[in-house]
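Notes for the one structure printed next.
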Amino acid sequence: MSDAPLNFIEEIIEADNASGKWKGRVHTRFPPEPNGYLHIGHAKSIVLNSGLARRYGGKFNLRFDDTNPEKEEQEYVDSIIRDVKWLGGDFEDRLFYASDYFGQMYDWAEQLIQKGVAYVCDLNQDQMKEYRGDWNTPGKNSPYRDRSVEENLDLFRRMRKGEFEPGAKTLRAKIDMTSGNINLRDPVMYRILKESHHRTGDTWCIYPSYDWAHGNEDSIEGITHSICTLEFENHRPLYDWFLDQLGVHHPQQIEFAKLQLTYTVLSKRNMLYLVQNGITRGWDDPRMPTLSAMRRRGFPPEAIRAFAEDVGVTKVESVIDIGRLENAARDHLNKHAPRRLGVLKPLKVTITNWPAGQVEEVEVQNNPEDEAAGTRKVPFSGELFIERDDFMEDPPKKFFRLGPGREVRLRGAYFVACTEFVKDASGTVVELKCTYDPATKGGNSPDGRKVKGTLHWVSAAHAVDAEVRVFDRLFAAEFPGKGHEGERPFLKDLNPNSLEILKGAKVEPSLAGAAAGDRFQFERLGYFTVDLDSKSGGLVFNRTVTLKDTWAKEQAKG
RNA sequence: UGGGGCGUCGUCUAAAGGUAGGACAUCAGACUUUGACUCUGAGUAUCGUGGUUCGAAUCCACGCGCCCCAGCCA
């Protein structure tokens, strides 16, 4: 437990514990509908719910809210389980499905019919809408509202048996057609759906609606604090009404503001569009905000958790600067990612005074943030590659890298000075000729001479070829779609440079055996992970995030 | 225009009638074998108007602004 201030949900829990409301019990749940992939917004909910359980010695359930067979699929169930586990949401053996409770819910529905507070309605969809009224007009009672208990029971049982077509009848709660809260105007509890369910098959042809089902699910599982997002605030009176009518265990619904991020689109509909139209390469394209994509891109789950905790929990609708997510990744990776040397856009360097054919091993620290990470040997020779951006033909004074006559340090190796540069016919610099100072081995000069810059490098003969996928934000606008007209305004804000594939990268030889998912810092560049597409002999890296770069910022200012 | 919710630095978020604090971002500097990390410093906020009070972000009143709701989706 930390001494950080409590968020409003923790305050509720501590008050409940103090009053003995739940006898000290805390039981939360994450209840996704298996109709899409989990994204960073869901991560906030998972971290919140599972974190509360952990903090207060309670329990956390994973429960699929699979009440709509028209939209749900096993593929999504599998991906969600994988993602929740990866994030560290510890539901132990408590993996549940709303569909497991269909029998209980059906019995409870009959109970409400017996009680006279639920009825079978024959109104079709258009009629029901008309009878419902609107914000300024109270609704009218359905003509079927006063059927007898016997008739309702008979009809409901026949609905279950499949005697009626989809849409022909519904079971409705008898509440108040004039309520200012439209959710209370006799909401639908069951609809007829002749659709095969991914778990129950064709056992059922009537399916419970969200409002009826959700409280039941929470109640059955003994949930104490049922946490959901703000848009369900209007549904809470209904949640309470059903549970009160049933007289069963009654959890408290609490609403919080969902996560929104700048430069990001998080709606399932829009994400599906990006995937189906090939704008990204599937749900796990590293530019997507899904958890599978973020995993593939190299985000550590610990970083996502830290981020989710850092942004806080309130009822204020807020948009988080995506830079904070990137920062969370840097923060974790800085402490844990081993450093390596890799050159994204190589420029050849020949050390003219290096003994021909000689190879030396230099010792480089694996992680200056972590002494225990130790050191490694990296081969150095007279033919090297450095980063193209680290040389300028006519550099400004504040450029600390290589230029004609300038001297820099090669990380862990020697000081080198540029004596000459070679251009091809088109005027592009293709090679540098440098001299090295043998007295500076390891990177220190005995005469106390200073250099401003330290460059990363690889030995040409020893380097391993790699493809590097350099990602940038998928959208170029802070609020994608804002200010544009049309069907899918967010498409107008797509960043045309969100993916750059660098085929000719060169990395140090120790990376040859790296496996998919391994994360590294390429010194001075950023954090990189080995992509799923990587095969031995064909290394592929994803750039997770760059290092902070004040030089680039300076340049951008002009 | 009915019902529900929300307004604190640029962005998040604390302060439960008593010094408006922190993080990220920004700017300036120190350090540096990563222009990273780390460290130091700076500026910037209580939606408005009244009221209660010795004292109000906090309590009261009246406004204003933004979000959600008219699926047999969740």
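Naming scheme: A, B, ... for chains in displayed order of the structure tokens; residues 1 onward per chain; ligands 1 onward as shown.
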
- Message: Among segment 212-440 of chain A, which ones does DSSP assign to strand (DSSP E or B) (computed from the backbone)? Answer as number ranges by chain.
- Response: A: 225-229, 252-256, 261, 290, 320, 339-340, 342-343, 346-351, 360-365, 375-380, 383-387, 391, 402, 407-410, 415-423, 429-436

- Give the residues of chain A that lie within 6 Å of chain B; count only C-alpha atoms (C1' of nucleotides), and format the answer as a ChimeraX atom specification. /A:134-136,180-181,191,231,234,316,523-524,550-551

- Item | Sel. of alpha helix (DSSP H) residues, segment 204-368 of chain A, as a PyMOL selection string | chain A and resi 210-220+236-246+268-276+291-297+301-310+322-336

- Find the spatial neighbours of segment 53-61 of chain B, counting only C-alpha atoms (C1' of nucleotides), within a cut-off of 8 Å - ignore same-chain residues fewer than 3 positions away - and output them as a list of chain:residue names. B:U8, B:A16, B:G17, B:G18, B:A20, B:U46, B:G50

- Note on the structure: Min atom-atom distance to C64 of chain B from the set B:G43, B:G10, B:G48, B:G21, counting only C-alpha atoms (C1' of nucleotides), belongs to B:G48

Considering only C-alpha atoms (C1' of nucleotides), return as an mmCIF file with N, CA, C and O atoms (P, O5', C5', C4', C3', O3' and C1' of nucleotides), in the first residue's frame whatever protein or nucleic-acid residues lie within 7 Å of segment 210-227 of chain A, sequence-local ones (same chain, fewer than 3 positions apart) excluded.
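Output (part-v9.cif):
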data_model
loop_
_atom_site.group_PDB
_atom_site.id
_atom_site.type_symbol
_atom_site.label_atom_id
_atom_site.label_comp_id
_atom_site.auth_asym_id
_atom_site.auth_seq_id
_atom_site.Cartn_x
_atom_site.Cartn_y
_atom_site.Cartn_z
ATOM 1 N N VAL A 26 -14.021 -7.450 -0.655
ATOM 2 C CA VAL A 26 -13.940 -6.658 -1.879
ATOM 3 C C VAL A 26 -13.874 -7.629 -3.045
ATOM 4 O O VAL A 26 -13.001 -8.497 -3.093
ATOM 5 N N HIS A 27 -14.827 -7.531 -3.952
ATOM 6 C CA HIS A 27 -14.855 -8.464 -5.080
ATOM 7 C C HIS A 27 -15.242 -7.675 -6.343
ATOM 8 O O HIS A 27 -16.345 -7.159 -6.435
ATOM 9 N N THR A 28 -14.304 -7.591 -7.268
ATOM 10 C CA THR A 28 -14.535 -6.829 -8.495
ATOM 11 C C THR A 28 -14.515 -7.759 -9.700
ATOM 12 O O THR A 28 -14.258 -8.960 -9.565
ATOM 13 N N ALA A 98 -21.421 -15.092 -18.761
ATOM 14 C CA ALA A 98 -22.823 -14.770 -18.498
ATOM 15 C C ALA A 98 -23.706 -15.916 -18.981
ATOM 16 O O ALA A 98 -24.724 -16.244 -18.372
ATOM 17 N N MET A 105 -31.051 -16.917 -14.737
ATOM 18 C CA MET A 105 -31.699 -15.673 -15.144
ATOM 19 C C MET A 105 -33.122 -15.936 -15.623
ATOM 20 O O MET A 105 -34.033 -15.156 -15.366
ATOM 21 N N MET A 189 -36.299 -7.075 -21.254
ATOM 22 C CA MET A 189 -35.460 -8.015 -20.502
ATOM 23 C C MET A 189 -34.988 -9.168 -21.379
ATOM 24 O O MET A 189 -33.869 -9.666 -21.235
ATOM 25 N N LEU A 238 -31.903 1.262 -12.930
ATOM 26 C CA LEU A 238 -32.466 0.018 -13.442
ATOM 27 C C LEU A 238 -31.730 -1.185 -12.829
ATOM 28 O O LEU A 238 -32.351 -2.188 -12.450
ATOM 29 N N TYR A 239 -30.427 -1.060 -12.746
ATOM 30 C CA TYR A 239 -29.592 -2.074 -12.094
ATOM 31 C C TYR A 239 -30.133 -2.321 -10.691
ATOM 32 O O TYR A 239 -30.361 -3.457 -10.269
ATOM 33 N N PHE A 242 -33.904 -3.980 -10.629
ATOM 34 C CA PHE A 242 -33.967 -5.437 -10.848
ATOM 35 C C PHE A 242 -33.528 -6.210 -9.619
ATOM 36 O O PHE A 242 -34.192 -7.152 -9.190
ATOM 37 N N LEU A 243 -32.425 -5.800 -9.048
ATOM 38 C CA LEU A 243 -31.881 -6.530 -7.897
ATOM 39 C C LEU A 243 -32.793 -6.394 -6.675
ATOM 40 O O LEU A 243 -32.970 -7.347 -5.914
ATOM 41 N N VAL A 248 -32.080 -10.212 -4.091
ATOM 42 C CA VAL A 248 -30.836 -10.993 -4.012
ATOM 43 C C VAL A 248 -29.665 -10.077 -3.676
ATOM 44 O O VAL A 248 -29.826 -8.855 -3.591
ATOM 45 N N HIS A 249 -28.485 -10.679 -3.514
ATOM 46 C CA HIS A 249 -27.255 -9.910 -3.251
ATOM 47 C C HIS A 249 -27.159 -8.745 -4.232
ATOM 48 O O HIS A 249 -27.292 -8.924 -5.438
ATOM 49 N N HIS A 250 -26.888 -7.574 -3.686
ATOM 50 C CA HIS A 250 -27.002 -6.352 -4.479
ATOM 51 C C HIS A 250 -25.719 -5.527 -4.424
ATOM 52 O O HIS A 250 -25.518 -4.721 -3.521
ATOM 53 N N PRO A 251 -24.836 -5.737 -5.403
ATOM 54 C CA PRO A 251 -23.586 -4.977 -5.446
ATOM 55 C C PRO A 251 -23.852 -3.504 -5.715
ATOM 56 O O PRO A 251 -24.950 -3.138 -6.147
ATOM 57 N N GLN A 252 -22.833 -2.687 -5.461
ATOM 58 C CA GLN A 252 -22.955 -1.262 -5.741
ATOM 59 C C GLN A 252 -22.304 -0.938 -7.084
ATOM 60 O O GLN A 252 -21.125 -1.208 -7.299
ATOM 61 N N GLN A 253 -23.103 -0.364 -7.972
ATOM 62 C CA GLN A 253 -22.524 0.065 -9.252
ATOM 63 C C GLN A 253 -21.851 1.426 -9.076
ATOM 64 O O GLN A 253 -22.437 2.346 -8.523
ATOM 65 N N ILE A 254 -20.626 1.524 -9.564
ATOM 66 C CA ILE A 254 -19.870 2.779 -9.471
ATOM 67 C C ILE A 254 -19.322 3.114 -10.856
ATOM 68 O O ILE A 254 -18.729 2.254 -11.508
ATOM 69 N N GLU A 255 -19.529 4.345 -11.283
ATOM 70 C CA GLU A 255 -19.093 4.722 -12.627
ATOM 71 C C GLU A 255 -17.867 5.636 -12.582
ATOM 72 O O GLU A 255 -17.779 6.523 -11.757
ATOM 73 P P A B 74 -26.983 -6.548 -25.085
ATOM 74 O "O5'" A B 74 -25.583 -6.063 -24.532
ATOM 75 C "C5'" A B 74 -24.367 -6.613 -25.036
ATOM 76 C "C4'" A B 74 -23.229 -5.704 -24.650
ATOM 77 C "C3'" A B 74 -23.150 -5.380 -23.164
ATOM 78 O "O3'" A B 74 -22.437 -6.374 -22.452
ATOM 79 C "C1'" A B 74 -23.032 -3.370 -24.407
#

- Message: I want to know what sits within 9 Å of Val468 of chain A, based on only C-alpha atoms (C1' of nucleotides), with residues of the same chain fewer than 4 positions away left out; could you give that as a count of residues only?
- Response: 13

Quick one: residues within 6 Å of segment 115-124 of chain A, only C-alpha atoms (C1' of nucleotides), excluding same-chain residues fewer than 4 positions away - as a compact mmCIF listing (two decimals) with N, CA and C atoms, in the first residue's frame?
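The file below, out-v9.txt, is the result:
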# COMPACT_ATOMS: atom_id res chain seq x y z
N MET A 128 -42.70 0.03 -30.47
CA MET A 128 -42.14 0.22 -29.13
C MET A 128 -41.47 1.59 -29.02
N TYR A 144 -50.28 -4.33 -24.10
CA TYR A 144 -50.10 -5.68 -23.55
C TYR A 144 -49.63 -5.65 -22.10
N ASN A 152 -48.88 -14.27 -19.24
CA ASN A 152 -47.48 -13.90 -19.39
C ASN A 152 -46.56 -15.11 -19.24
N LYS A 169 -42.06 -10.90 -30.13
CA LYS A 169 -42.41 -10.64 -28.72
C LYS A 169 -41.15 -10.33 -27.92
N THR A 170 -41.36 -9.61 -26.83
CA THR A 170 -40.27 -9.38 -25.87
C THR A 170 -40.83 -9.55 -24.46
N LEU A 171 -39.93 -9.79 -23.53
CA LEU A 171 -40.33 -9.71 -22.14
C LEU A 171 -39.87 -8.36 -21.62
N ARG A 172 -40.77 -7.63 -20.99
CA ARG A 172 -40.43 -6.29 -20.51
C ARG A 172 -40.68 -6.16 -19.01
N ALA A 173 -39.89 -5.29 -18.39
CA ALA A 173 -40.12 -4.97 -16.98
C ALA A 173 -41.21 -3.91 -16.91
N LYS A 174 -42.09 -4.05 -15.92
CA LYS A 174 -43.18 -3.09 -15.78
C LYS A 174 -42.74 -2.02 -14.77

- Please indicate the distance in Å from atom CA of Arg160 of chain A to atom CA of Arg94 of chain A, rounded to one decimal place. 29.1 Å

- Item | Residue contacts of segment 83-86 of chain A (9 Å, only C-alpha atoms (C1' of nucleotides)) excluding same-chain residues fewer than 4 positions away, as a VMD selection string | chain A and resid 37 to 38 43 46 62 78 to 79 90 to 91 291 to 292 295 301

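Straight-line separation from atom CA of Ser148 of chain A to atom CA of Trp204 of chain A: 24.8 Å.
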
- To one decimal in Å, tell me the separation between atom CA of Arg287 of chain A and atom CA of Gly517 of chain A. 16.2 Å
